Amino acid sequence: MARRGTTSPLIPLSEIPNPAYYANLGGRVFATHYSDVWLDSAAPYNSQFLPSVANWNADLAGNYQLPDGIATVNTGFTDGATFAAWLPYAGALYNNTPGQIAISTLRHDFTTVNPPTQPWLTLNNAVGNPQMQFTFNTPVGAAADKQCGRVLYTEYHVFNASGASGTVFPKECPASHSMIGQEKMLEFALFDLSSFVTPVVVPSLTISFSPSPLTVKQGDSADQVTVNLTNTSTNAPIYSSAVLTFKLPAGLAAAALTDSTGGWTCTVGTLTCMRTNSIAPGDSDPVTLTVSVPPYGGGSGTSGLIVATVSSPNFSNDVTASDTVIFQQPPAITWATPAPVTYGTALSGTQLNASSQVAGTFSYSPAAGTVLSIGQHTLTATISPTDTVNYTTSTANVTLTVIPATPVVKLSVNTNPQFLTYAVTFTATVSSTASTPTGTVAFYDGATQMGPGTVTAGVATYTSSSLTTGIHSISAVYSGDTNYQTASSDTLAETIEDFTLALSGGSGAGSVTVSPGAVAAYPLVLTPVGGSRMPAAISLSVTGLSFGATAAFSPASVAIGSAAANVTLKVTLPGQAAAKPLDGPFRKGSLPVALGLILLPFAARLRKAARRWRKLVVLALASAALALGLNGCGGGVTLSPETYTLTITAASGSLSHSMTVKMIVQSASH
């Protein structure tokens, strides 16, 4: 059927010798299948609609019947989008599915269309999803301002004629017949056909994005992408009817939509920009979209698409482009809470062992090798992914508890064994691989505390000189401090010794009778008590010797480390010659008389100066007495036997022991 202008009646195509000529003059042509011979420019039909508006099947007379089905509306151009929006309002929507309608009595005479021809419907669930309807303006491919006619072609009948009472219009459309969805669709198509011809051109518009892809991460608030729209034509403008719309993927929120040139009026709420003027051939006009990124969980990298679509009633199809949005994911980190560590333990891979299924490098704070103080600490692991496109850095935290350490306490002594009364110094060394412990150390003798010592530079000392003879179990107990708990040393066995001094020859050796000039010998034995060796040297001495006698010990002293030691004391007496008076004028008792005669002239003076000379007189009298005593060895004078008590002392430091022996000097006559 064809229609001239907007008021002329519809006439059969068979009555029009050249439908293309008719349409080019502004006519409207409605054609269904079997009318395709008027549209196919190939031989033998040689249609004048040039260039070819569609790609026809080779044998148009063949059996290209298709079963009834459901068609989807093409919304990629303005009229198609309007049609899809109209279907629900007209009650022609199939199964309440947007943009779908049921159609029947179908053919399949063409495969695809050639722009600017616009396909309207695509049959679902059929091989190749064939297109079922198209329109094009005439002259075919003319510039927008030269287009004036329009052609509508369908691959389905206006209605299903099988139940009609006749086949001649209008009997096939009884008054009682209720319009089906397919008929309503055709009513819309005929309305579009008869309306004002909107110029339709193949859009010469490209859309590009910068950056591409757009990489974002959670929490971003001002990520931007610039959409550049370019008219690639050398002679045709993009009319101001163009509308730019955006569709954002889930996870992006539009914050701003701006145009620096003023060529677009943008509304961020609807993500729409309306063109204010034409885009001249070869010109570009950018629009900047600013997005924010709400927080999202970590895991595998994900992506989405920002879709930009430019539609216009003048376009045979919408121009659509997209930009990949990479949502950089913070990689999921697996990190078990580490077991508590003792103070002084340096952080290592035992605690710093976070992992992720995403390849990358981990860094830690505090770093490996750090020694943490007592208490709870937050450890942080940060992964820097190898794939920096799909992933961003990610962090995770765990809590590490540091408990007090137990230091090592070692106890030592300056000397062991040691003699009684000697000062003994015990040293406790408190050590750790971490900081130097502080506090105090209590020193114990068995269960009895001897005293405390302050820890300075890890060392505490205690000195005692009151330990009794025997073996003492000494230990040191550390008090602990902020970083260390209490600790004890091993027990140290400190031996305190004494010694005995005795005669080794029996009780008779304690009294020796000797003659003048002879030697008295006393055998002695010194024995350690509480140990087998002398812990220090012992010196020996004797007092109480007679006049002129000399004493000597053999050995002179007992050396340190000696076992029981035998010592001999030898006392040598002076001989008789040493006691015999000298020959001279005073013999046989005349010496006292002579001394008296010598002192007589001085008697008077002595009396006058008694006090001053008293000491001199005493000295003179003592000398006389001495002379008289010495004179007893000669001239037949007899000496009486004398007994001497000798005190022998063995000493080591402040420790000493003494004993006494007797020495009897025999009498002698002259």
# chains A, B, ... in the order shown; residues from 1 in each chain; ligands from 1
call {"tool": "residues_around", "arguments": {"residues": "Gly470 in chain A", "least_positions_apart": "4", "cutoff": "8 Å", "atoms": "only C-alpha atoms", "output": "compact mmCIF listing (two decimals) with C-alpha atoms, in the first residue's frame"}}
result
# COMPACT_ATOMS: atom_id res chain seq x y z
CA THR A 495 82.26 -24.73 102.09
CA ILE A 496 83.48 -22.87 105.20
CA GLU A 497 86.46 -24.50 106.91
CA GLY A 530 85.32 -29.15 107.23
call {"tool": "residues_around", "arguments": {"residues": "range 359-376 of chain A", "least_positions_apart": "6", "cutoff": "6 Å", "atoms": "only C-alpha atoms", "output": "PyMOL selection string"}}
result
chain A and resi 344+346-348+382-386+400-403
call {"tool": "write_last_selection", "arguments": {"atoms": "C-alpha atoms", "output": "PDB file, in the first residue's frame"}}
result
ATOM      1  CA  GLY A 344      62.838 -10.239  74.449  1.00  0.00           C
ATOM      2  CA  ALA A 346      62.233 -10.433  68.280  1.00  0.00           C
ATOM      3  CA  LEU A 347      59.392 -10.361  65.756  1.00  0.00           C
ATOM      4  CA  SER A 348      59.931 -12.920  63.013  1.00  0.00           C
ATOM      5  CA  THR A 382      50.214  -4.265  54.256  1.00  0.00           C
ATOM      6  CA  ILE A 383      50.211  -6.057  50.924  1.00  0.00           C
ATOM      7  CA  SER A 384      51.371  -4.282  47.784  1.00  0.00           C
ATOM      8  CA  PRO A 385      49.848  -6.368  44.974  1.00  0.00           C
ATOM      9  CA  THR A 386      51.892  -7.321  41.958  1.00  0.00           C
ATOM     10  CA  LEU A 400      50.126  -9.752  69.812  1.00  0.00           C
ATOM     11  CA  THR A 401      50.489 -10.182  73.563  1.00  0.00           C
ATOM     12  CA  VAL A 402      53.977  -9.886  75.058  1.00  0.00           C
ATOM     13  CA  ILE A 403      54.348 -11.518  78.477  1.00  0.00           C
TER      14      ILE A 403
END
call {"tool": "closest_residue", "arguments": {"among": "A:Val268, A:Val525, A:Ala564, A:Leu106", "to": "Tyr64 in chain A", "atoms": "only C-alpha atoms"}}
result
A:Leu106
call {"tool": "residues_around", "arguments": {"residues": "Asp490 in chain A", "least_positions_apart": "4", "cutoff": "12 Å", "atoms": "only C-alpha atoms", "output": "VMD selection string"}}
result
chain A and resid 408 to 412 428 to 429 443 to 444 446 473 to 478
call {"tool": "select_by_dssp", "arguments": {"residues": "range 4-250 of chain A", "states": "strand (DSSP E or B)", "output": "JSON, numbers by chain"}}
result
{"A": [10, 11, 28, 29, 30, 31, 32, 54, 55, 56, 65, 66, 69, 70, 71, 72, 73, 100, 101, 102, 103, 106, 107, 110, 111, 112, 113, 118, 119, 120, 121, 122, 123, 131, 132, 133, 134, 135, 136, 137, 138, 149, 150, 151, 152, 153, 154, 156, 201, 205, 206, 207, 208, 209, 210, 214, 215, 216, 217, 223, 224, 225, 226, 227, 228, 229, 230, 231, 238, 243, 244, 245, 246, 247]}
call {"tool": "residues_around", "arguments": {"residues": "range 510-520 of chain A", "least_positions_apart": "5", "cutoff": "10 Å", "atoms": "only C-alpha atoms", "output": "PyMOL selection string"}}
result
chain A and resi 502-505+549-551+569-579+641-646+659-668
call {"tool": "select_by_dssp", "arguments": {"residues": "range 46-164 of chain A", "states": "helix (DSSP H, G or I)", "output": "ChimeraX atom specification"}}
result
/A:78-90,144-146,161-163
call {"tool": "atom_distance", "arguments": {"atom1": "CA of Asn235 in chain A", "atom2": "CA of Pro115 in chain A"}}
result
18.3 Å
call {"tool": "closest_atom_pairs", "arguments": {"of": "range 267-348 of chain A", "to": "range 193-216 of chain A", "cutoff": "7 Å", "atoms": "only C-alpha atoms", "output": "Markdown table"}}
result
| residue | atom | partner | partner_atom | distance |
| --- | --- | --- | --- | --- |
| A:Pro313 | CA | A:Thr198 | CA | 6.6 |
| A:Asn314 | CA | A:Val200 | CA | 4.3 |
| A:Phe315 | CA | A:Val201 | CA | 5.2 |
| A:Ser316 | CA | A:Val202 | CA | 5.4 |
| A:Ala321 | CA | A:Ile207 | CA | 6.0 |
| A:Asp323 | CA | A:Pro213 | CA | 5.9 |
| A:Thr324 | CA | A:Pro213 | CA | 4.9 |
| A:Val325 | CA | A:Leu214 | CA | 4.8 |
| A:Ile326 | CA | A:Thr215 | CA | 4.8 |
| A:Phe327 | CA | A:Val216 | CA | 5.2 |
| A:Gln328 | CA | A:Val216 | CA | 5.9 |
call {"tool": "write_last_selection", "arguments": {"atoms": "C-alpha atoms", "output": "PDB file, in the first residue's frame"}}
result
ATOM      1  CA  PRO A 313      15.641  11.202  16.134  1.00  0.00           C
ATOM      2  CA  ASN A 314      18.008  11.812  13.231  1.00  0.00           C
ATOM      3  CA  PHE A 315      20.138   8.733  13.941  1.00  0.00           C
ATOM      4  CA  SER A 316      19.443   5.406  12.320  1.00  0.00           C
ATOM      5  CA  ALA A 321      30.436   3.262  23.769  1.00  0.00           C
ATOM      6  CA  ASP A 323      34.630   2.378  29.365  1.00  0.00           C
ATOM      7  CA  THR A 324      35.767  -0.422  31.593  1.00  0.00           C
ATOM      8  CA  VAL A 325      35.762   0.468  35.267  1.00  0.00           C
ATOM      9  CA  ILE A 326      38.231  -1.523  37.292  1.00  0.00           C
ATOM     10  CA  PHE A 327      37.271  -1.619  40.936  1.00  0.00           C
ATOM     11  CA  GLN A 328      40.620  -2.080  42.553  1.00  0.00           C
TER      12      GLN A 328
END
call {"tool": "residues_around", "arguments": {"residues": "Asn57 in chain A", "least_positions_apart": "4", "cutoff": "7 Å", "atoms": "only C-alpha atoms", "output": "PDB file with C-alpha atoms, in the first residue's frame"}}
result
ATOM      1  CA  ASP A 109      12.468 -12.707   3.466  1.00  0.00           C
ATOM      2  CA  PHE A 110      15.507 -10.626   4.498  1.00  0.00           C
ATOM      3  CA  THR A 111      18.440 -11.273   6.765  1.00  0.00           C
TER       4      THR A 111
END
call {"tool": "residues_around", "arguments": {"residues": "Asn483 in chain A", "least_positions_apart": "5", "cutoff": "7 Å", "atoms": "only C-alpha atoms", "output": "PyMOL selection string"}}
result
chain A and resi 343+374+404-405
call {"tool": "atom_distance", "arguments": {"atom1": "CA of Thr482 in chain A", "atom2": "CA of Leu352 in chain A"}}
result
25.2 Å
